[in-house]
2 protein chains.
Amino acid sequence: MSEPYATAEELDAEDELAPYRKNFVLDETVYLDGNSLGALPRAVPARLADVVEREWGRMRIRSWSESGWWDAPERIGDRIAPLVGAAEGQIVVGDSTSVNIFKAVVAAVRIAQEESAGRPVRSEILVDAATFPTDGYIAESAARMTGATVRAVPAAGMADAAGPATAVALVNHVDYRTGELHDLAAATAAVHRAGGRIVWDVCHSAGALPVELDASGADFAVGCTYKYLNGGPGSPAFLYVRRELQSRFDSPLPGWNSHTDPFAMSPGYVPAEGASRARVGTPDVLSMLALEEALKVWDGVDIAAVRVKSLALTDFFLGRVRAYVPGGRLTSLTPEAHERRGSQVSLLCGGGDGGDGGNDGNGGNDGDGASAPDAESVMAALHARGVVGDFRRPGVLRFGFTPLYTSFADAERAASALGEAVRAG
Amino acid sequence: MSEPYATAEELDAEDELAPYRKNFVLDETVYLDGNSLGALPRAVPARLADVVEREWGRMRIRSWSESGWWDAPERIGDRIAPLVGAAEGQIVVGDSTSVNIFKAVVAAVRIAQEESAGRPVRSEILVDAATFPTDGYIAESAARMTGATVRAVPAAGMADAAGPATAVALVNHVDYRTGELHDLAAATAAVHRAGGRIVWDVCHSAGALPVELDASGADFAVGCTYKYLNGGPGSPAFLYVRRELQSRFDSPLPGWNSHTDPFAMSPGYVPAEGASRARVGTPDVLSMLALEEALKVWDGVDIAAVRVKSLALTDFFLGRVRAYVPGGRLTSLTPEAHERRGSQVSLLCGGGDGGDGGNDGNGGNDGDGASAPDAESVMAALHARGVVGDFRRPGVLRFGFTPLYTSFADAERAASALGEAVRAG
């Protein structure tokens with residue numbers, strides 16, 4: 001953890017990850033929205049130009065084999081694997097997060113139902129009550145199509161909620177709104193003790209902090225690649241299927257790419273072995289190979305070092321916000337406790353209802369009780385000052401800290417601009 | 001139709017679409033695999049470089065609104081619409097063909113089941129027996145998850161097969177293997193008379209010939225954009241939802257992008273109006289905007305003129321194959337009759353079983369009964385001679401004719417090389 005009174009310059013000077021910043025295209029803007037869309041890795045444009053002009057333009061159809069297009073979903077999955085604590089052969093890249101949540105939840109329900117044989121059928125999907133909405137919508141559809149039901153419970157209460165009716169728990173590792181980090185190993189163990197299966201949404205943790213998928217015993221996980229993994233807008237998501245469950249992975253989307261012999265073009269479906277079983281249709285090669293290049297910025301990076309810097313950055317930012325922002329105007333929704341904090345800081349305009357999780361009430365000074373600023377106009381004022389975060393209705397300002405390219409000077413400037421924006425508003 | 005004895009040079013000289021060829025990156029290769037992966041439109045690299053370097057690299061998160069990323073699925077759908085006979089507001093682009101088949105078939109079954117109220121529930125999904133395999137695999141999954149069953153029937157027999165149990169018919173407009181074209185309007189009318197709904201797979205017809213979705217009364221259609229639409233490897237598919245059915249489109253993949261107010265991030269799902277209801281997750285922007293640029297080559301193109309040239313090309317090629325290939329070595333699976341022919345020619349090595357559709361037996365001379373050449377080695381020998389088609393096991397050589405860039409000289413050279421390859425084999 002950083003020294004409490006170190007300056008941004010001192011912290012940047014001793015930052016071991018500082019050299020990675022040059023691998024990204026950055027400018028005078030303070031970009032704190034990498035939790036929504038990661039910055040452009042410098043090597044991506046040249047790689048994508050080569051994919052388009054040579055691989056597609058000149059080699060055309062041959063590239064499916066000769067340029068490695070066909071195997072890209074598994075190959076890129078293996079590149080993500082060490083960042084989320086997974087051994088190789090368990091991750092495929094492709095489709096959107098929503099589509100992968102559907103595959104994972106349906107497959108998990110089917111396994112849980114199969115394991116209910118001779119006992120009352122497990123029929124309940126527990127969904128993180130504060131989930132990113134798509135997970136909840138998709139879980140409802142999965143429930144409807146498998147004869148299950150959905151019950152929303154707070155992520156922190158998942159361990160207590162899991163019981164003999166639990167088929168699956170679908171939990172966000174980091175809350176997209178508050179930045180609260182949930183205990184992946186503990187919740188996984190609790191759901192397993194209850195006899196259920198667990199699907200983790202690691203969209204807001206992959207690339208931001210250690211995600212111990214193998215070690216925790218997690219069954220399935222779905223993650224996003226355009227946030228902390230910098231894959232580009234709408235880059236394909238990934239799906240982790242634990243090795244022991246792969247032979248039982250019964251996909252609701254058995255597209256031809258998941259067939260054991262796709263080019264046999266046989267009318268009968270025989271699923272592939274391994275993680276390939278989680279593929280569906282033809283991969284979107286341009287987005288996928290841009291992602292592959294983007295992932296090379298992680299070569300040599302220790303995710304533990306990323307975590308250390310992430311916590312130092314968010315500690316520093318929270319401290320500077322307390323110093324710059326007039327008392328009572330903003331309340332932090334992001335937990336002070338390191339073990340409960342992801343890699344973003346969420347500030348609620350005006351305090352009050354902090355939502356479901358993580359409101360420790362330490363983000364704003366006790367103060368003068370001035371009227372709450374409007375989040376949208378505060379964020380617009382910040383943008384005008386060259387600081388980019390985003391907001392989520394109602395009233396939440398979000399600032400993402402991406403340790404490969406965010407500096408302490410960025411955090412200092414953002415806090416200072418935030419103080420001005422709040423006062424101006 | 002072309003004059004029977006016109007030369008390639010004469011036909012190219014009078015080809016009104018010949019000027020469009022310069023819009024593509026081509027070389028000395030004769031590329032007849034545009035039915036699998038379309039050639040690179042010349043304008044795509046610059047557009048994609050701008051998307052990556054400026055829109056992502058410099059504007060970053062602002063591009064979701066300011067660069068039109070968010071609305072791309074509908075905007076690009078509207079660009080495809082005139083090519084498939086659809087008025088605007090009925091097509092969204094995104095996800096793979098397989099995923100869209102799942103959405104369409106499930107939604108169609110749900111509508112058919114709802115319409116069964118008070119009568120025996122329509123529970124059968126009729127699937128084209130010669131379908132591209134993914135459609136069949138996905139239909140089985142859709143059936144399993146909606147309480148329906150699947151029955152395979154020949155596409156040409158769909159009208160007779162449809163009856164009071166029919167919920168949905170899923171039919172390929174053009175057979176991927178034989179190139180046979182099925183009658184979209186007639187089959188649609190027959191399935192509707194039986195009280196069912198129809199989903200068309202237009203992967204092998206969109207961009208190759210007129211597809212009269214609105215005029216035929218088709219309910220749903222799914223198409224591919226990387227074949228005749230030249231969107232690039234694995235570019236996103238499209239889904240047509242007939243306007244009258246949009247308010248009843250009940251998606252099995254209700255991702256947050258299909259919510260009426262996605263950024264409200266509300267826990268309850270309320271579907272958007274219109275074609276947006278068929279969206280799922282965040283669109284893959286790089287692949288999607290490459291597609292958007294690729295579609296601009298269609299500006300000013302009349303799809304009826306494309307059809308005229310396509311038939312002239314395939315007539316010419318079939319004639320030249322008869323002239324160049326030793327008798328009996330190859331049998332055309334592609335119908336001679338224009339109204340039953342798509343924009344590809346499929347030649348079966350050695351004659352014999354022509355498969356389910358379209359074997360008129362006119363593609364090879366009666367001949368000496370020499371042993372059948374092996375399709376894979378014939379195609380390898382063709383590639384060595386600078387002619388690119390592909391093959392499908394067992395024994396089918398496929399040649400796609402893409403009228404915007406295929407010339408009659410290409411067809412001449414391909415037939416000549418094919419004769420050599422067969423003799424060499």
# chains A, B, ... in the order shown; residues from 1 in each chain; ligands from 1
>>> closest_atom_pairs(of="stretch 264-307 of chain B", to="stretch 44-50 of chain A", cutoff="12 Å", atoms="only C-alpha atoms", output="CSV")
residue,atom,partner,partner_atom,distance
B:Leu286,CA,A:Leu48,CA,9.8
B:Ser287,CA,A:Leu48,CA,10.9
B:Ala290,CA,A:Leu48,CA,11.3
>>> residues_around(residues="stretch 169-174 of chain A", least_positions_apart="2", cutoff="9 Å", atoms="only C-alpha atoms", output="ChimeraX atom specification")
/A:101,105,124-132,135-136,139,155,158,162,166-167,176-184,187-188,191,196-205,211,340-343
>>> write_last_selection(atoms="C-alpha atoms", output="PDB file, in the first residue's frame")
ATOM      1  CA  ILE A 101     -23.952 -16.333 -19.741  1.00  0.00           C
ATOM      2  CA  VAL A 105     -26.194 -21.017 -16.927  1.00  0.00           C
ATOM      3  CA  GLU A 124     -33.454 -22.618  -8.473  1.00  0.00           C
ATOM      4  CA  ILE A 125     -31.035 -20.188 -10.075  1.00  0.00           C
ATOM      5  CA  LEU A 126     -29.704 -17.707  -7.547  1.00  0.00           C
ATOM      6  CA  VAL A 127     -28.807 -14.411  -9.153  1.00  0.00           C
ATOM      7  CA  ASP A 128     -26.749 -11.648  -7.629  1.00  0.00           C
ATOM      8  CA  ALA A 129     -29.387  -9.026  -6.756  1.00  0.00           C
ATOM      9  CA  ALA A 130     -27.118  -6.171  -7.856  1.00  0.00           C
ATOM     10  CA  THR A 131     -26.024  -7.912 -11.032  1.00  0.00           C
ATOM     11  CA  PHE A 132     -25.222  -6.205 -14.262  1.00  0.00           C
ATOM     12  CA  ASP A 135     -27.056 -11.512 -16.428  1.00  0.00           C
ATOM     13  CA  GLY A 136     -30.430 -11.307 -14.742  1.00  0.00           C
ATOM     14  CA  ALA A 139     -30.880 -16.046 -16.248  1.00  0.00           C
ATOM     15  CA  ALA A 155     -23.957 -11.430  -3.729  1.00  0.00           C
ATOM     16  CA  MET A 158     -25.024 -16.158  -1.708  1.00  0.00           C
ATOM     17  CA  ALA A 162     -27.562 -21.700  -1.318  1.00  0.00           C
ATOM     18  CA  THR A 166     -30.030 -24.487  -5.642  1.00  0.00           C
ATOM     19  CA  ALA A 167     -29.101 -25.543  -9.134  1.00  0.00           C
ATOM     20  CA  TYR A 176     -20.234  -2.998 -12.002  1.00  0.00           C
ATOM     21  CA  ARG A 177     -21.905  -0.155 -10.174  1.00  0.00           C
ATOM     22  CA  THR A 178     -20.198   0.046  -6.815  1.00  0.00           C
ATOM     23  CA  GLY A 179     -16.882  -1.635  -7.554  1.00  0.00           C
ATOM     24  CA  GLU A 180     -17.355  -4.025  -4.658  1.00  0.00           C
ATOM     25  CA  LEU A 181     -15.323  -7.230  -4.897  1.00  0.00           C
ATOM     26  CA  HIS A 182     -16.938 -10.468  -3.775  1.00  0.00           C
ATOM     27  CA  ASP A 183     -15.115 -13.479  -2.348  1.00  0.00           C
ATOM     28  CA  LEU A 184     -14.904 -15.912  -5.233  1.00  0.00           C
ATOM     29  CA  ALA A 187     -18.936 -18.253  -2.388  1.00  0.00           C
ATOM     30  CA  THR A 188     -17.843 -21.088  -4.663  1.00  0.00           C
ATOM     31  CA  VAL A 191     -22.498 -23.172  -3.228  1.00  0.00           C
ATOM     32  CA  GLY A 196     -25.085 -26.475  -6.529  1.00  0.00           C
ATOM     33  CA  ARG A 197     -22.938 -25.110  -9.312  1.00  0.00           C
ATOM     34  CA  ILE A 198     -21.611 -21.608  -9.708  1.00  0.00           C
ATOM     35  CA  VAL A 199     -21.157 -19.308 -12.707  1.00  0.00           C
ATOM     36  CA  TRP A 200     -18.962 -16.261 -12.183  1.00  0.00           C
ATOM     37  CA  ASP A 201     -19.255 -13.080 -14.175  1.00  0.00           C
ATOM     38  CA  VAL A 202     -15.687 -11.783 -14.144  1.00  0.00           C
ATOM     39  CA  CYS A 203     -16.264  -8.894 -16.561  1.00  0.00           C
ATOM     40  CA  HIS A 204     -15.113  -6.335 -14.022  1.00  0.00           C
ATOM     41  CA  SER A 205     -12.260  -8.326 -12.546  1.00  0.00           C
ATOM     42  CA  VAL A 211      -9.170 -14.275 -10.430  1.00  0.00           C
ATOM     43  CA  ARG A 340     -13.774  -5.956  -0.886  1.00  0.00           C
ATOM     44  CA  ARG A 341     -12.575  -3.472  -3.496  1.00  0.00           C
ATOM     45  CA  GLY A 342     -12.272  -3.995  -7.230  1.00  0.00           C
ATOM     46  CA  SER A 343     -10.367  -1.647  -9.494  1.00  0.00           C
TER      47      SER A 343
END
>>> closest_residue(among="A:Glu412, A:Glu66, A:Glu140, A:Asp12", to="chain B", atoms="only C-alpha atoms")
A:Glu140
>>> closest_residue(among="B:Glu114, B:Asp250, B:Asp78, B:Asp315", to="chain A", atoms="only C-alpha atoms")
B:Asp250
>>> select_by_dssp(residues="stretch 109-161 of chain A", states="alpha helix (DSSP H)", output="count of residues only")
25
